[in-house]
Each structure stands twice: as structure tokens, then as C-alpha cells.
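Below is work_19.cif, holding mmCIF, C-alpha atoms, pLDDT in the B column; chains and numbers go by the auth columns.
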```
data_data
loop_
_atom_site.group_PDB
_atom_site.id
_atom_site.type_symbol
_atom_site.label_atom_id
_atom_site.label_comp_id
_atom_site.label_asym_id
_atom_site.label_seq_id
_atom_site.Cartn_x
_atom_site.Cartn_y
_atom_site.Cartn_z
_atom_site.B_iso_or_equiv
_atom_site.auth_seq_id
_atom_site.auth_asym_id
ATOM 1 C CA MET A 1 0.000 0.000 0.000 44.00 871 A
ATOM 2 C CA THR A 2 1.350 3.418 -0.896 58.00 872 A
ATOM 3 C CA GLY A 3 0.858 6.480 1.248 74.00 873 A
ATOM 4 C CA VAL A 4 -2.036 8.820 0.548 82.00 874 A
ATOM 5 C CA GLU A 5 -1.143 12.469 0.142 89.00 875 A
ATOM 6 C CA ILE A 6 -3.092 14.501 2.663 94.00 876 A
ATOM 7 C CA PRO A 7 -4.385 17.687 1.028 96.00 877 A
ATOM 8 C CA ILE A 8 -3.737 21.022 2.691 97.00 878 A
ATOM 9 C CA LEU A 9 -6.784 23.218 3.241 98.00 879 A
ATOM 10 C CA GLU A 10 -6.453 26.904 4.077 97.00 880 A
ATOM 11 C CA THR A 11 -8.948 29.299 5.567 97.00 881 A
ATOM 12 C CA ALA A 12 -8.590 32.951 6.484 95.00 882 A
ATOM 13 C CA ARG A 13 -6.711 32.106 9.701 96.00 883 A
ATOM 14 C CA LEU A 14 -5.953 28.397 9.588 98.00 884 A
ATOM 15 C CA ARG A 15 -4.068 25.677 7.754 97.00 885 A
ATOM 16 C CA LEU A 16 -5.403 22.128 7.900 98.00 886 A
ATOM 17 C CA ARG A 17 -2.513 19.799 7.106 97.00 887 A
ATOM 18 C CA GLY A 18 -1.212 16.293 7.575 96.00 888 A
ATOM 19 C CA TRP A 19 0.228 15.135 10.868 96.00 889 A
ATOM 20 C CA GLU A 20 3.904 15.639 11.732 95.00 890 A
ATOM 21 C CA GLY A 21 6.017 14.146 14.510 93.00 891 A
ATOM 22 C CA ASP A 22 6.388 17.592 16.097 95.00 892 A
ATOM 23 C CA ASP A 23 2.620 17.678 16.660 96.00 893 A
ATOM 24 C CA LEU A 24 2.930 15.140 19.472 96.00 894 A
ATOM 25 C CA ASP A 25 3.784 17.570 22.288 97.00 895 A
ATOM 26 C CA PRO A 26 1.102 20.187 21.600 97.00 896 A
ATOM 27 C CA TYR A 27 -1.496 17.492 20.838 97.00 897 A
ATOM 28 C CA ALA A 28 -0.579 15.651 24.066 97.00 898 A
ATOM 29 C CA ALA A 29 -1.079 18.917 25.965 97.00 899 A
ATOM 30 C CA ILE A 30 -4.545 19.299 24.436 96.00 900 A
ATOM 31 C CA LEU A 31 -5.602 15.677 25.088 96.00 901 A
ATOM 32 C CA GLY A 32 -4.074 15.809 28.564 96.00 902 A
ATOM 33 C CA ASP A 33 -6.489 18.583 29.555 95.00 903 A
ATOM 34 C CA PRO A 34 -9.453 17.022 31.432 95.00 904 A
ATOM 35 C CA GLU A 35 -11.695 19.894 30.368 95.00 905 A
ATOM 36 C CA VAL A 36 -10.983 19.112 26.681 94.00 906 A
ATOM 37 C CA THR A 37 -11.578 15.370 27.082 92.00 907 A
ATOM 38 C CA ARG A 38 -14.617 15.834 29.308 92.00 908 A
ATOM 39 C CA TYR A 39 -16.963 14.786 26.475 92.00 909 A
ATOM 40 C CA LEU A 40 -14.603 12.617 24.383 88.00 910 A
ATOM 41 C CA GLY A 41 -15.004 8.841 24.478 79.00 911 A
ATOM 42 C CA ASP A 42 -14.520 7.582 28.013 75.00 912 A
ATOM 43 C CA THR A 43 -13.700 11.181 29.128 83.00 913 A
ATOM 44 C CA ARG A 44 -10.262 10.361 30.553 88.00 914 A
ATOM 45 C CA PRO A 45 -7.339 12.621 29.619 89.00 915 A
ATOM 46 C CA PHE A 46 -4.716 11.016 27.379 92.00 916 A
ATOM 47 C CA ASP A 47 -1.082 10.564 28.351 94.00 917 A
ATOM 48 C CA ARG A 48 1.740 11.006 25.833 94.00 918 A
ATOM 49 C CA VAL A 49 1.738 7.325 24.752 96.00 919 A
ATOM 50 C CA ALA A 50 -2.042 7.304 24.217 94.00 920 A
ATOM 51 C CA THR A 51 -1.743 10.559 22.250 95.00 921 A
ATOM 52 C CA TRP A 52 0.879 8.979 19.981 96.00 922 A
ATOM 53 C CA ARG A 53 -1.439 6.040 19.358 95.00 923 A
ATOM 54 C CA LYS A 54 -4.309 8.427 18.598 95.00 924 A
ATOM 55 C CA MET A 55 -2.132 10.312 16.081 95.00 925 A
ATOM 56 C CA ALA A 56 -1.122 7.035 14.416 96.00 926 A
ATOM 57 C CA MET A 57 -4.783 6.005 14.219 95.00 927 A
ATOM 58 C CA LEU A 58 -5.717 9.335 12.615 96.00 928 A
ATOM 59 C CA VAL A 59 -2.959 8.927 10.010 95.00 929 A
ATOM 60 C CA GLY A 60 -4.084 5.340 9.405 94.00 930 A
ATOM 61 C CA HIS A 61 -7.650 6.510 8.762 95.00 931 A
ATOM 62 C CA TRP A 62 -6.310 8.600 5.852 96.00 932 A
ATOM 63 C CA GLN A 63 -4.616 5.492 4.462 94.00 933 A
ATOM 64 C CA LEU A 64 -7.702 3.302 4.747 94.00 934 A
ATOM 65 C CA ARG A 65 -10.441 5.757 3.769 95.00 935 A
ATOM 66 C CA GLY A 66 -8.607 8.363 1.652 94.00 936 A
ATOM 67 C CA TYR A 67 -9.802 11.154 3.950 97.00 937 A
ATOM 68 C CA GLY A 68 -9.496 11.905 7.637 97.00 938 A
ATOM 69 C CA ILE A 69 -8.658 14.308 10.414 98.00 939 A
ATOM 70 C CA TRP A 70 -6.241 17.159 9.778 98.00 940 A
ATOM 71 C CA ALA A 71 -3.844 18.784 12.211 98.00 941 A
ATOM 72 C CA VAL A 72 -4.929 22.426 12.509 98.00 942 A
ATOM 73 C CA VAL A 73 -2.418 25.233 12.839 98.00 943 A
ATOM 74 C CA GLU A 74 -2.930 28.956 12.991 96.00 944 A
ATOM 75 C CA ARG A 75 -1.251 30.564 10.007 92.00 945 A
ATOM 76 C CA ALA A 76 0.165 33.576 11.866 86.00 946 A
ATOM 77 C CA PRO A 77 1.810 32.901 14.170 86.00 947 A
ATOM 78 C CA GLU A 78 2.100 29.289 13.069 89.00 948 A
ATOM 79 C CA ARG A 79 1.098 27.114 16.018 94.00 949 A
ATOM 80 C CA PHE A 80 -0.786 23.873 16.515 97.00 950 A
ATOM 81 C CA VAL A 81 -4.302 24.515 17.861 97.00 951 A
ATOM 82 C CA GLY A 82 -6.113 21.184 17.453 98.00 952 A
ATOM 83 C CA ARG A 83 -7.576 18.714 15.020 98.00 953 A
ATOM 84 C CA VAL A 84 -10.552 18.881 12.692 98.00 954 A
ATOM 85 C CA GLY A 85 -11.732 16.677 9.888 98.00 955 A
ATOM 86 C CA LEU A 86 -13.622 13.687 8.642 98.00 956 A
ATOM 87 C CA TRP A 87 -13.992 10.445 10.542 96.00 957 A
ATOM 88 C CA ASN A 88 -15.822 7.268 9.616 96.00 958 A
ATOM 89 C CA PRO A 89 -14.391 4.155 11.296 93.00 959 A
ATOM 90 C CA GLU A 90 -16.176 0.832 11.020 92.00 960 A
ATOM 91 C CA GLY A 91 -19.478 0.889 12.895 90.00 961 A
ATOM 92 C CA TRP A 92 -19.730 4.702 13.030 94.00 962 A
ATOM 93 C CA PRO A 93 -23.149 6.320 12.472 95.00 963 A
ATOM 94 C CA GLY A 94 -22.002 8.100 9.290 96.00 964 A
ATOM 95 C CA LEU A 95 -19.332 10.346 7.780 98.00 965 A
ATOM 96 C CA GLU A 96 -18.520 12.670 10.652 98.00 966 A
ATOM 97 C CA VAL A 97 -17.032 16.126 10.690 98.00 967 A
ATOM 98 C CA GLY A 98 -15.445 16.486 14.124 97.00 968 A
ATOM 99 C CA TRP A 99 -13.188 18.835 16.034 98.00 969 A
ATOM 100 C CA VAL A 100 -10.995 19.127 19.103 97.00 970 A
ATOM 101 C CA VAL A 101 -9.409 22.495 19.850 97.00 971 A
ATOM 102 C CA ALA A 102 -7.053 23.522 22.657 97.00 972 A
ATOM 103 C CA ARG A 103 -8.979 25.131 25.494 96.00 973 A
ATOM 104 C CA GLU A 104 -7.047 28.410 25.234 95.00 974 A
ATOM 105 C CA HIS A 105 -8.475 28.780 21.721 95.00 975 A
ATOM 106 C CA TRP A 106 -12.120 28.106 22.615 96.00 976 A
ATOM 107 C CA GLY A 107 -14.572 30.846 21.733 95.00 977 A
ATOM 108 C CA ARG A 108 -12.533 32.139 18.778 95.00 978 A
ATOM 109 C CA GLY A 109 -14.448 30.362 15.999 96.00 979 A
ATOM 110 C CA ILE A 110 -11.590 27.999 15.150 97.00 980 A
ATOM 111 C CA ALA A 111 -13.699 24.815 15.273 97.00 981 A
ATOM 112 C CA THR A 112 -16.380 26.443 13.114 97.00 982 A
ATOM 113 C CA GLU A 113 -13.900 27.832 10.571 97.00 983 A
ATOM 114 C CA ALA A 114 -11.979 24.569 10.248 98.00 984 A
ATOM 115 C CA GLY A 115 -15.183 22.485 10.424 97.00 985 A
ATOM 116 C CA ASP A 116 -16.596 24.479 7.521 97.00 986 A
ATOM 117 C CA ALA A 117 -13.474 23.724 5.438 97.00 987 A
ATOM 118 C CA ALA A 118 -13.740 20.004 6.277 98.00 988 A
ATOM 119 C CA MET A 119 -17.455 19.957 5.471 97.00 989 A
ATOM 120 C CA ARG A 120 -16.808 21.693 2.145 96.00 990 A
ATOM 121 C CA PHE A 121 -14.178 19.025 1.389 97.00 991 A
ATOM 122 C CA ALA A 122 -16.691 16.272 2.215 98.00 992 A
ATOM 123 C CA PHE A 123 -19.422 17.626 -0.041 97.00 993 A
ATOM 124 C CA GLU A 124 -17.370 19.094 -2.892 96.00 994 A
ATOM 125 C CA ARG A 125 -14.364 16.790 -3.128 96.00 995 A
ATOM 126 C CA LEU A 126 -15.673 13.495 -1.745 97.00 996 A
ATOM 127 C CA GLY A 127 -19.201 13.856 -3.096 97.00 997 A
ATOM 128 C CA ALA A 128 -20.752 13.059 0.281 97.00 998 A
ATOM 129 C CA GLU A 129 -24.546 13.060 0.440 98.00 999 A
ATOM 130 C CA HIS A 130 -24.782 13.526 4.209 98.00 1000 A
ATOM 131 C CA VAL A 131 -22.427 14.555 7.011 98.00 1001 A
ATOM 132 C CA VAL A 132 -22.924 14.095 10.759 98.00 1002 A
ATOM 133 C CA SER A 133 -21.311 15.229 13.989 98.00 1003 A
ATOM 134 C CA VAL A 134 -21.383 12.837 16.934 97.00 1004 A
ATOM 135 C CA ILE A 135 -21.662 14.917 20.115 97.00 1005 A
ATOM 136 C CA HIS A 136 -22.129 14.172 23.797 95.00 1006 A
ATOM 137 C CA PRO A 137 -25.601 15.560 24.634 96.00 1007 A
ATOM 138 C CA GLU A 138 -24.181 17.806 27.404 95.00 1008 A
ATOM 139 C CA ASN A 139 -21.467 19.347 25.197 96.00 1009 A
ATOM 140 C CA ALA A 140 -23.160 22.702 24.548 96.00 1010 A
ATOM 141 C CA ARG A 141 -20.063 24.216 22.890 96.00 1011 A
ATOM 142 C CA SER A 142 -19.862 21.483 20.258 97.00 1012 A
ATOM 143 C CA ILE A 143 -23.606 21.584 19.695 98.00 1013 A
ATOM 144 C CA ARG A 144 -23.291 25.315 18.929 97.00 1014 A
ATOM 145 C CA VAL A 145 -20.473 24.604 16.442 97.00 1015 A
ATOM 146 C CA ALA A 146 -22.579 21.935 14.716 98.00 1016 A
ATOM 147 C CA GLU A 147 -25.524 24.338 14.489 97.00 1017 A
ATOM 148 C CA ARG A 148 -23.294 27.108 13.080 96.00 1018 A
ATOM 149 C CA LEU A 149 -22.229 24.615 10.414 97.00 1019 A
ATOM 150 C CA GLY A 150 -25.915 24.103 9.535 97.00 1020 A
ATOM 151 C CA GLU A 151 -26.321 20.745 11.249 98.00 1021 A
ATOM 152 C CA ARG A 152 -29.466 19.908 13.185 98.00 1022 A
ATOM 153 C CA PHE A 153 -30.219 17.251 15.792 98.00 1023 A
ATOM 154 C CA GLU A 154 -31.195 14.014 14.043 98.00 1024 A
ATOM 155 C CA ARG A 155 -31.271 11.272 16.651 97.00 1025 A
ATOM 156 C CA PRO A 156 -29.780 9.788 19.796 97.00 1026 A
ATOM 157 C CA HIS A 157 -27.220 7.028 19.253 96.00 1027 A
ATOM 158 C CA ARG A 158 -25.219 4.659 21.433 94.00 1028 A
ATOM 159 C CA LEU A 159 -21.478 4.200 20.877 89.00 1029 A
ATOM 160 C CA GLY A 160 -20.413 1.398 23.178 86.00 1030 A
ATOM 161 C CA GLU A 161 -21.311 2.566 26.672 85.00 1031 A
ATOM 162 C CA VAL A 162 -21.751 6.214 25.701 87.00 1032 A
ATOM 163 C CA GLU A 163 -25.038 7.817 24.689 92.00 1033 A
ATOM 164 C CA VAL A 164 -24.434 10.527 22.057 95.00 1034 A
ATOM 165 C CA SER A 165 -26.457 12.862 19.863 97.00 1035 A
ATOM 166 C CA VAL A 166 -26.122 12.775 16.103 98.00 1036 A
ATOM 167 C CA TYR A 167 -26.355 16.137 14.359 98.00 1037 A
ATOM 168 C CA GLY A 168 -26.321 16.212 10.576 98.00 1038 A
ATOM 169 C CA ILE A 169 -26.868 17.977 7.289 98.00 1039 A
ATOM 170 C CA GLY A 170 -27.527 16.729 3.763 97.00 1040 A
ATOM 171 C CA ARG A 171 -25.835 17.905 0.591 95.00 1041 A
ATOM 172 C CA GLU A 172 -28.844 19.873 -0.709 95.00 1042 A
ATOM 173 C CA GLU A 173 -29.419 21.741 2.538 94.00 1043 A
ATOM 174 C CA TRP A 174 -25.688 22.498 2.805 94.00 1044 A
ATOM 175 C CA ALA A 175 -25.601 23.780 -0.803 92.00 1045 A
ATOM 176 C CA SER A 176 -28.610 26.003 -0.074 90.00 1046 A
ATOM 177 C CA LEU A 177 -26.894 27.468 2.995 87.00 1047 A
ATOM 178 C CA GLU A 178 -23.685 27.990 0.994 80.00 1048 A
ATOM 179 C CA ALA A 179 -25.577 29.821 -1.755 75.00 1049 A
ATOM 180 C CA ARG A 180 -27.297 32.106 0.789 70.00 1050 A
ATOM 181 C CA SER A 181 -23.992 32.919 2.516 74.00 1051 A
ATOM 182 C CA LYS A 182 -22.448 33.975 -0.811 69.00 1052 A
ATOM 183 C CA ALA A 183 -25.438 36.129 -1.825 61.00 1053 A
#
```

Written as C-alpha cells, that's how I'd like the structure from this file.
Amino acid sequence: MTGVEIPILETARLRLRGWEGDDLDPYAAILGDPEVTRYLGDTRPFDRVATWRKMAMLVGHWQLRGYGIWAVVERAPERFVGRVGLWNPEGWPGLEVGWVVAREHWGRGIATEAGDAAMRFAFERLGAEHVVSVIHPENARSIRVAERLGERFERPHRLGEVEVSVYGIGREEWASLEARSKA
């Protein structure tokens, strides 16, 4: 199997790029923050070894699916701020656009800006018909991001032992929102 080339996406403030070894320390700091992981999976903060494994899994998703989660860096000054992208492992409730941003960058619109770029990639480049975000029902911040991206609550869902909410948007509704935002 040959390596897939991860495309670089740029927004006004951000660059979404492939993962690099130097991302380990800042990503470990983000995933080591209990407030960041409060609504992720089993909610436990990650140590450095678990963060490395998570990075390797994210890179592997690109290899297996041809799309995945990007490392997100601010363009000026260039610094790692989180991860955003597309996720659809076996057994997942659909093609997900998801985000994790360092707590010191919360409230600045980074997840929304990067999430919009990832969603655009899903619909325009992958030809997706529907995109979801899988969110813990108490995660009000992520629910607001999903709603800013045009997603609406669709259904409850169970992932292992965790009850989540599935927010989503179809291609036609997304295209309609895009057209209105450009008008």
C-alpha cells in the first residue's frame, strides 16, 4: 500500500494539514487537559503514549479511507491549535465532521472555521450526500459549532457505553446554505 497524500486546506486564519512528529507535544497537551476530554469517548485525559497512538490512528484513517482528520495550525503565528476533519471508522453512524481544539483557543471560531473547510471538502471533493457530527448531549459548545455549520439534531445514538447525539446535514441543505452565505 502506498501512502495517501493529505491535502492542505487553508482558511482565512488556519491551515489544515497532515500530521507531523512535532505535533505530538502540543497534541498531548490538548488531550491531557481534562476539560478538553470531558466529552470525548470515556472522558479520561490522554497521556503522551495514548496521544501517539491516537495520532497514528488518525494517520491510518487517511490510508484506509482516503480522507481523515487534519492537524490544525494557525497561520500567523504558526502554532498547533487542534484537530478537525472527517472520521468514519467501522461501525460509526455516518461520515462525521469532528473537532478538538485547545482550550485556550475556545470561543474564537476555530472549530467552526476549520469544520466548515472540512465539510466543504466532504461535499465538494468526496461527493458526500450527508455529514454528521457525533456529540455528547451535554457538550453545549460542540452543539453550537454543529448548528453554526448548519447541522441539526437528528437522533440519539449509542457508541459502546456512551449515549451521544447525532447532528447532521444533507448535501442539498448544505448547498442552499452555501448559496445564501455567498449572496

Chain and number of each residue from the PyMOL selection byres ((chain A and resi 921-923) around 12), as a PyMOL selection string: chain A and resi 889-903+907+914-920+924-930

What separation in Å, quoted to one decimal, exists between CA of Gln933 (chain A) and CA of Ile876 (chain A)?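 According to the coordinates, CA of Gln933 (chain A) and CA of Ile876 (chain A) are separated by 9.3 Å.
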
What does the structure give for the distance between CA of Glu1031 (chain A) and CA of Val1001 (chain A), in Å to one decimal?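 About the pair CA of Glu1031 (chain A) and CA of Val1001 (chain A): they are 23.1 Å apart.
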
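CA of Gly985 (chain A) is found 14.5 Å from CA of His1000 (chain A).
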
Quick one: of A:Leu996, A:Val1034, A:Leu1047, A:Ala882, who's nearest to Asn1009 (chain A), counting only C-alpha atoms?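 Closest candidate: A:Val1034.
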
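With distances taken over all atoms listed in the file, A:Gly938 is the one residue among A:Gly938, A:Gly1020, A:Pro1007, A:Gly888 lying closest to Leu965 (chain A).
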
Picked residues, the PyMOL selection byres ((chain A and resi 1044) around 12), as a VMD selection string: chain A and resid 986 989 to 990 992 to 994 998 to 1002 1017 to 1022 1038 to 1043 1045 to 1051

Top pick for closest residue to Pro904 (chain A), considering A:Arg973, A:Arg887, A:Arg978, A:His1027 and counting all atoms listed in the file: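 Once distances to Pro904 (chain A) are computed over all atoms listed in the file, the minimum belongs to A:Arg973.
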
Spatial neighbours of Glu880 (chain A), max dist 12 Å, all atoms listed in the file, sep filter under 2 positions, as a PyMOL selection string: chain A and resi 877-878+882-887+940-945+983-988+990-991

Quick one: residues within 7 Å of Ile939 (chain A), all atoms listed in the file counted, chain neighbours fewer than 2 positions away excluded, as an MDAnalysis selection string? chainID A and resid 928 941 953:957

If the box runs along x, y and z of the file and leaves 4 Å on each side of region 891-903 of chain A, what are its centre and edge lengths in Å, one decimal, as JSON?
```
{"center_x": -0.1, "center_y": 17.2, "center_z": 22.0, "size_x": 20.9, "size_y": 14.0, "size_z": 23.0}
```

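Counting only C-alpha atoms, the residue from A:Glu1024, A:Ser1035, A:Ala972, A:Gly961 that sits nearest to Glu1008 (chain A) is A:Ser1035.
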
Out of A:Gly997, A:Pro959, A:Gly911, A:Gly936, which residue has the shortest atom-to-atom distance to Glu875 (chain A) when counting all atoms listed in the file? A:Gly936

Using all atoms listed in the file, find all polymer residues with an atom at most 10 Å away from the point (-6.9, 26.1, 21.8); report them as a list in words. Pro896, Ile900, Val906, Arg949, Phe950, Val951, Gly952, Val970, Val971, Ala972, Arg973, Glu974, His975, Trp976, Gly977, Arg978, Ile980 and Ala981 of chain A

Could you write those residues out with C-alpha atoms, as a PDB file, keeping the file's coordinate frame?
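Written out: selection-v2.pdb:
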```
ATOM      1  CA  PRO A 896       1.102  20.187  21.600  1.00 97.00           C
ATOM      2  CA  ILE A 900      -4.545  19.299  24.436  1.00 96.00           C
ATOM      3  CA  VAL A 906     -10.983  19.112  26.681  1.00 94.00           C
ATOM      4  CA  ARG A 949       1.098  27.114  16.018  1.00 94.00           C
ATOM      5  CA  PHE A 950      -0.786  23.873  16.515  1.00 97.00           C
ATOM      6  CA  VAL A 951      -4.302  24.515  17.861  1.00 97.00           C
ATOM      7  CA  GLY A 952      -6.113  21.184  17.453  1.00 98.00           C
ATOM      8  CA  VAL A 970     -10.995  19.127  19.103  1.00 97.00           C
ATOM      9  CA  VAL A 971      -9.409  22.495  19.850  1.00 97.00           C
ATOM     10  CA  ALA A 972      -7.053  23.522  22.657  1.00 97.00           C
ATOM     11  CA  ARG A 973      -8.979  25.131  25.494  1.00 96.00           C
ATOM     12  CA  GLU A 974      -7.047  28.410  25.234  1.00 95.00           C
ATOM     13  CA  HIS A 975      -8.475  28.780  21.721  1.00 95.00           C
ATOM     14  CA  TRP A 976     -12.120  28.106  22.615  1.00 96.00           C
ATOM     15  CA  GLY A 977     -14.572  30.846  21.733  1.00 95.00           C
ATOM     16  CA  ARG A 978     -12.533  32.139  18.778  1.00 95.00           C
ATOM     17  CA  ILE A 980     -11.590  27.999  15.150  1.00 97.00           C
ATOM     18  CA  ALA A 981     -13.699  24.815  15.273  1.00 97.00           C
TER      19      ALA A 981
END
```

Generate the missing atoms of region 1024-1053 of chain A up to N, CA and C atoms and report them as a short mmCIF file (atom, residue, chain, number, x, y, z; two decimals), keeping the file's coordinate frame.
```cif
data_model
loop_
_atom_site.label_atom_id
_atom_site.label_comp_id
_atom_site.auth_asym_id
_atom_site.auth_seq_id
_atom_site.Cartn_x
_atom_site.Cartn_y
_atom_site.Cartn_z
N GLU A 1024 -30.50 15.05 14.81
CA GLU A 1024 -31.20 14.01 14.04
C GLU A 1024 -31.70 12.88 14.91
N ARG A 1025 -30.85 12.43 15.86
CA ARG A 1025 -31.27 11.27 16.65
C ARG A 1025 -30.26 11.00 17.77
N PRO A 1026 -30.73 10.31 18.82
CA PRO A 1026 -29.78 9.79 19.80
C PRO A 1026 -29.12 8.54 19.22
N HIS A 1027 -27.94 8.21 19.74
CA HIS A 1027 -27.22 7.03 19.25
C HIS A 1027 -26.34 6.53 20.40
N ARG A 1028 -26.08 5.25 20.41
CA ARG A 1028 -25.22 4.66 21.43
C ARG A 1028 -23.94 4.19 20.77
N LEU A 1029 -22.81 4.66 21.30
CA LEU A 1029 -21.48 4.20 20.88
C LEU A 1029 -20.86 3.47 22.07
N GLY A 1030 -20.90 2.16 22.04
CA GLY A 1030 -20.41 1.40 23.18
C GLY A 1030 -21.26 1.71 24.39
N GLU A 1031 -20.61 2.23 25.43
CA GLU A 1031 -21.31 2.57 26.67
C GLU A 1031 -21.77 4.01 26.72
N VAL A 1032 -21.49 4.78 25.67
CA VAL A 1032 -21.75 6.21 25.70
C VAL A 1032 -22.96 6.56 24.83
N GLU A 1033 -23.88 7.31 25.42
CA GLU A 1033 -25.04 7.82 24.69
C GLU A 1033 -24.63 9.16 24.08
N VAL A 1034 -24.82 9.30 22.77
CA VAL A 1034 -24.43 10.53 22.06
C VAL A 1034 -25.63 11.06 21.27
N SER A 1035 -25.48 12.26 20.77
CA SER A 1035 -26.46 12.86 19.86
C SER A 1035 -25.83 12.97 18.49
N VAL A 1036 -26.59 12.65 17.48
CA VAL A 1036 -26.12 12.78 16.10
C VAL A 1036 -26.77 14.01 15.49
N TYR A 1037 -25.93 14.95 15.09
CA TYR A 1037 -26.36 16.14 14.36
C TYR A 1037 -25.95 15.90 12.91
N GLY A 1038 -26.68 16.46 11.96
CA GLY A 1038 -26.32 16.21 10.58
C GLY A 1038 -26.90 17.22 9.61
N ILE A 1039 -26.39 17.13 8.38
CA ILE A 1039 -26.87 17.98 7.29
C ILE A 1039 -26.65 17.22 5.98
N GLY A 1040 -27.63 17.34 5.08
CA GLY A 1040 -27.53 16.73 3.76
C GLY A 1040 -26.92 17.69 2.76
N ARG A 1041 -26.49 17.13 1.65
CA ARG A 1041 -25.84 17.90 0.59
C ARG A 1041 -26.70 19.08 0.11
N GLU A 1042 -27.98 18.82 -0.16
CA GLU A 1042 -28.84 19.87 -0.71
C GLU A 1042 -29.03 21.02 0.27
N GLU A 1043 -29.26 20.68 1.53
CA GLU A 1043 -29.42 21.74 2.54
C GLU A 1043 -28.12 22.52 2.69
N TRP A 1044 -26.98 21.83 2.70
CA TRP A 1044 -25.69 22.50 2.80
C TRP A 1044 -25.48 23.43 1.61
N ALA A 1045 -25.78 22.96 0.40
CA ALA A 1045 -25.60 23.78 -0.80
C ALA A 1045 -26.49 25.02 -0.74
N SER A 1046 -27.69 24.86 -0.22
CA SER A 1046 -28.61 26.00 -0.07
C SER A 1046 -28.04 27.03 0.90
N LEU A 1047 -27.51 26.56 2.02
CA LEU A 1047 -26.89 27.47 3.00
C LEU A 1047 -25.67 28.16 2.40
N GLU A 1048 -24.87 27.42 1.65
CA GLU A 1048 -23.68 27.99 0.99
C GLU A 1048 -24.09 29.10 0.02
N ALA A 1049 -25.12 28.84 -0.78
CA ALA A 1049 -25.58 29.82 -1.76
C ALA A 1049 -26.06 31.09 -1.07
N ARG A 1050 -26.80 30.94 0.04
CA ARG A 1050 -27.30 32.11 0.79
C ARG A 1050 -26.16 32.90 1.40
N SER A 1051 -25.11 32.21 1.88
CA SER A 1051 -23.99 32.92 2.52
C SER A 1051 -23.16 33.69 1.49
N LYS A 1052 -23.21 33.29 0.24
CA LYS A 1052 -22.45 33.98 -0.81
C LYS A 1052 -23.25 35.10 -1.47
N ALA A 1053 -24.57 35.13 -1.20
CA ALA A 1053 -25.44 36.13 -1.82
C ALA A 1053 -25.32 37.49 -1.15
#
```
